[in-house]
Structures are given as structure tokens and as C-alpha cells.
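Enquirer: I am attaching a structure below and will ask some questions about it afterwards.
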There are 2 protein chains.
Amino acid sequence: MVEVGPEVLRSYIRDIPDYPVKGVIFRDLTPLFKEKDVFREAIRDLAEMFSGVHVDIVVGIEARGFIVGAPVALELGTGFVPVRKPGKLPWRKRSVSYQLEYGAEALEVHEDAISNGQDVLIVDDLLATGGTARATIGLVEQLGGVVRGVGFIVELAYLHGREKLKGYRVEALVRID
Amino acid sequence: MVEVGPEVLRSYIRDIPDYPVKGVIFRDLTPLFKEKDVFREAIRDLAEMFSGVHVDIVVGIEARGFIVGAPVALELGTGFVPVRKPGKLPWRKRSVSYQLEYGAEALEVHEDAISNGQDVLIVDDLLATGGTARATIGLVEQLGGVVRGVGFIVELAYLHGREKLKGYRVEALVRID
């Protein structure tokens, strides 16, 4: 087995300056996903970080959060629930709106996705300002889910997203300062 | 281990009449994804169907194809490559346009996602008319990838999507006639 620490993971994250807008550096994780040993170790390490926590359901945030969340669910032996952009889910659903730097966004989840009292781990690829993760916590709690943790591959520490997630256990494999 | 055959999988697929338009039945796989034993067995069975094939890379089609493709990649021990809707990938990319019932669509992939001669398995949740899968085959082949198979959880046999994928190995866990 290849040992994959934060420095190795960081080397598979591609920085794209001025994307999607000038002054922003986009962190592209596709090089990490396509490298089999790196992808496998990232998923295992993220699952391992929450191995002491009881989890019934892993929630992944559309769309890159599906790439990380669904395999983490498989690794933890739980079900997987997608939280999606508006208009994508076909059945009865709950919705939450939130503010981002570039305007208002919304997220949706099926009403029957989580049962009252279920333990939930929320997963996304990247923690930036924390707005999307915070909104997802709200959705999960609307359904009676208990958020046991929020996990990311990368945390952009300079955006202070953790502050929006106070009171919850937050883990990330790589921290970029 | 729970035995999960096609009938059990079928019972976790929710039919939604007249969605997204009148006369169409939408097949909602979220009940299947959230049930841990059913989700795990579906991923394992799909990976198992291609266990005799050499695969370097699993390609998943945005967005539900990520929920199936990424865990299949983990299960097969390969890397994962997302094929995405236009404007989502931040780096240099290739694009393909195709026709669907409701108008033209396009898909994109990063130029460096697949190397010349790599063996590729394409995964999506559902085979309908086959337009999206056929376009994805085109993208993979543009990059020099060799498509070794196309795998789905569900095949809507009455839409004859297989005909668009002739010459390729196509597998689905559940067939709806």
C-alpha cells in the first residue's frame, strides 16, 4: 500500500488562478481522483477520521461531493444521500436557501432521505467559506438527522469556513493556508 | 451478507409518473442509494460484472453517474474521471455535443483525464435512450481511451438505448421492460 500523506495529496490538487472569477484560485481535485492509489487512500483516510463516530448515512453535496461522499459511504458501510441543486430531485423534498459570495443559492433533499435520529456524516470535496456545508447541516437537521461530522478532502483555511461550522466536528485531509 | 438480486434492486427504484414532463416515468434511485446493504451490493455486483475486463479508469457521467461510478472505481481499484456538463471543469478540456429528446446537450472532460491506450469503463445510473452514454464514448475515444464497457444500475429496455451502444459491452443490473 502506498502511504499518502497531506503533502502527496496536495501535489495532486491543481491550482487554477482566476477561476471562476479574477482573483480566485480554483482548487481542481480531478488529478487526485484519477490516480488510483491517491484516490483510494484519500477515501480511506477520510472514512478513517470518522471511524470512532457512529454513522448511519453519508450525505454528499452536489456534484463533487458525490465523488467523495459515495465511496466514503461504501467504505463506512452506510447508505448515501445526495443533497442537490434546485430542480434535480423528483420527489417530495425540503429546501434551504443561503448566501454565497456570488449571490443566493439553494439546496434540496428528499423528505424521506433521512429518518429522525439517524446519525449523519456530511461530505464534500472542499471547505471554502462554509456556506454550502452550513446550509446542508440545516437541511439534515430539518429532517431530524443528527450531524456527527463534516468531512472534506481540502480545507481552504484562509477563508475561515470552520467558523460557520462551530459546534460540529470538522475534518479535512489537506489544509491550504 | 444480504443477497440482492434484480427484483430486490427494482423494489428500491421509485417510479415517478409525469416527471420531468407528462408521459415520462422518472426512475428515482435515491431509495436504493440510501439503503446500505442494497447500495453496497449494487456497487459490488456492477464492479463484478466487469471483473474479467482490464480497467484503468472508471468514467462517471454527471451527476448521478458520480454516485455510482466513484464507488465502482474504488471497488475495482482504479482512478475516477468525471465527465461534466459544460462550464463545470476548470482546466483545458474536450467537448462533445449531442441530441436528446428535449434539445441539444453537451459534455466535457479534462484533456489529461485519460491517457492514450488506457482501458476505460463508463458508468451511469441509468440507460435510457443511450444518447449521453454514446456521447461519453466519443469523448473517451477523442482522448485515446479504449472503452472496455459501459455499466448501469438500470436499463430502460423499451427505449432501446443498447442499439446506440452497439459494438461495446453493455451491462445493467436491472432491466425494466
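Labels used: A, B, ... for chains in the order of the C-alpha cells, numbers from 1 for residues in each chain, and numbers from 1 for ligands as shown.
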Please determine the contact residues of chain B with respect to chain A at a cut-off of 9 Å, counting only C-alpha atoms, and supply them as a PyMOL selection string.
Expert: chain B and resi 16+19-20+26-28+30-40+43+56-58+62-64+66-75+77-82+89-91+110+112-114
Enquirer: Cα RMSD of chain B on chain A, all Cα atoms paired in order, least-squares fit?
Expert: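 C-alpha RMSD after optimal superposition stands at 0.0 Å.
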Enquirer: Name the residues of region 41-149 of chain B that come out as strand (DSSP E or B) in a backbone DSSP run; write them as an NGL selection string.
Expert: :B and (57-61 or 79-84 or 93-100 or 103-110 or 119-127 or 146-149)
Enquirer: Which one of A:Ile25, A:Ala104, A:Val53, A:Leu46 sits closest to Ala128 (chain A) if you count only C-alpha atoms?
Expert: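 Answer, going by the shortest atom-to-atom distance: A:Ile25.
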Enquirer: Can you tell me which residues surround Lys93 (chain A) at a distance of at most 7 Å, considering only C-alpha atoms, apart from same-chain residues fewer than 4 positions away, and format the answer as a PyMOL selection string?
Expert: chain A and resi 108-111
Enquirer: Have a look at CA of Leu139 (chain B) and CA of Phe50 (chain B) and let me know their distance in Å, one decimal.
Expert: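 Atom-to-atom, CA of Leu139 (chain B) to CA of Phe50 (chain B), that is 20.9 Å.
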Enquirer: If you run DSSP over the backbone, which residues in region 16-164 of chain A end up helix (DSSP H, G or I)? Put them as a PyMOL selection string.
Expert: chain A and resi 30-34+36-49+64-76+131-142+157-159+161-164
Enquirer: Find the residues around Asp119 (chain A) up to 8 Å (only C-alpha atoms counted), leave out those fewer than 2 positions away in its own chain, and share them as JSON, numbers by chain.
Expert: {"A": [54, 55, 56, 57, 117, 121, 145, 146, 147, 148]}
Enquirer: Write the residues you've just listed into a file as a PDB file, in the first residue's frame, and include N, CA, C and O atoms for each of them.
Expert:
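That gives us again-v6.pdb:
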ATOM      1  N   HIS A  54     -20.435   7.015  15.236  1.00  0.00           N
ATOM      2  CA  HIS A  54     -21.470   6.191  14.611  1.00  0.00           C
ATOM      3  C   HIS A  54     -22.125   6.957  13.470  1.00  0.00           C
ATOM      4  O   HIS A  54     -22.557   8.097  13.645  1.00  0.00           O
ATOM      5  N   VAL A  55     -22.158   6.341  12.308  1.00  0.00           N
ATOM      6  CA  VAL A  55     -22.746   6.982  11.127  1.00  0.00           C
ATOM      7  C   VAL A  55     -23.749   6.025  10.484  1.00  0.00           C
ATOM      8  O   VAL A  55     -23.430   4.881  10.197  1.00  0.00           O
ATOM      9  N   ASP A  56     -24.983   6.514  10.259  1.00  0.00           N
ATOM     10  CA  ASP A  56     -25.995   5.734   9.521  1.00  0.00           C
ATOM     11  C   ASP A  56     -25.998   6.081   8.045  1.00  0.00           C
ATOM     12  O   ASP A  56     -26.272   5.233   7.200  1.00  0.00           O
ATOM     13  N   ILE A  57     -25.780   7.367   7.766  1.00  0.00           N
ATOM     14  CA  ILE A  57     -25.942   7.887   6.405  1.00  0.00           C
ATOM     15  C   ILE A  57     -24.824   8.879   6.106  1.00  0.00           C
ATOM     16  O   ILE A  57     -24.512   9.726   6.947  1.00  0.00           O
ATOM     17  N   GLY A 117     -33.449  11.049  14.031  1.00  0.00           N
ATOM     18  CA  GLY A 117     -32.484  10.425  14.923  1.00  0.00           C
ATOM     19  C   GLY A 117     -31.324   9.721  14.240  1.00  0.00           C
ATOM     20  O   GLY A 117     -30.416   9.245  14.925  1.00  0.00           O
ATOM     21  N   LEU A 121     -23.095  11.819   8.485  1.00  0.00           N
ATOM     22  CA  LEU A 121     -21.808  12.431   8.151  1.00  0.00           C
ATOM     23  C   LEU A 121     -21.981  13.168   6.822  1.00  0.00           C
ATOM     24  O   LEU A 121     -22.404  12.572   5.830  1.00  0.00           O
ATOM     25  N   GLY A 145     -32.168  14.552  11.339  1.00  0.00           N
ATOM     26  CA  GLY A 145     -30.851  13.906  11.360  1.00  0.00           C
ATOM     27  C   GLY A 145     -29.927  14.570  12.374  1.00  0.00           C
ATOM     28  O   GLY A 145     -30.079  15.750  12.673  1.00  0.00           O
ATOM     29  N   VAL A 146     -28.993  13.782  12.902  1.00  0.00           N
ATOM     30  CA  VAL A 146     -28.028  14.286  13.872  1.00  0.00           C
ATOM     31  C   VAL A 146     -26.667  14.337  13.178  1.00  0.00           C
ATOM     32  O   VAL A 146     -26.121  13.310  12.792  1.00  0.00           O
ATOM     33  N   VAL A 147     -26.147  15.543  12.996  1.00  0.00           N
ATOM     34  CA  VAL A 147     -24.889  15.703  12.262  1.00  0.00           C
ATOM     35  C   VAL A 147     -23.716  15.335  13.167  1.00  0.00           C
ATOM     36  O   VAL A 147     -23.402  16.048  14.114  1.00  0.00           O
ATOM     37  N   ARG A 148     -23.076  14.198  12.859  1.00  0.00           N
ATOM     38  CA  ARG A 148     -21.962  13.715  13.677  1.00  0.00           C
ATOM     39  C   ARG A 148     -20.621  14.195  13.177  1.00  0.00           C
ATOM     40  O   ARG A 148     -19.609  14.054  13.864  1.00  0.00           O
TER      41      ARG A 148
END
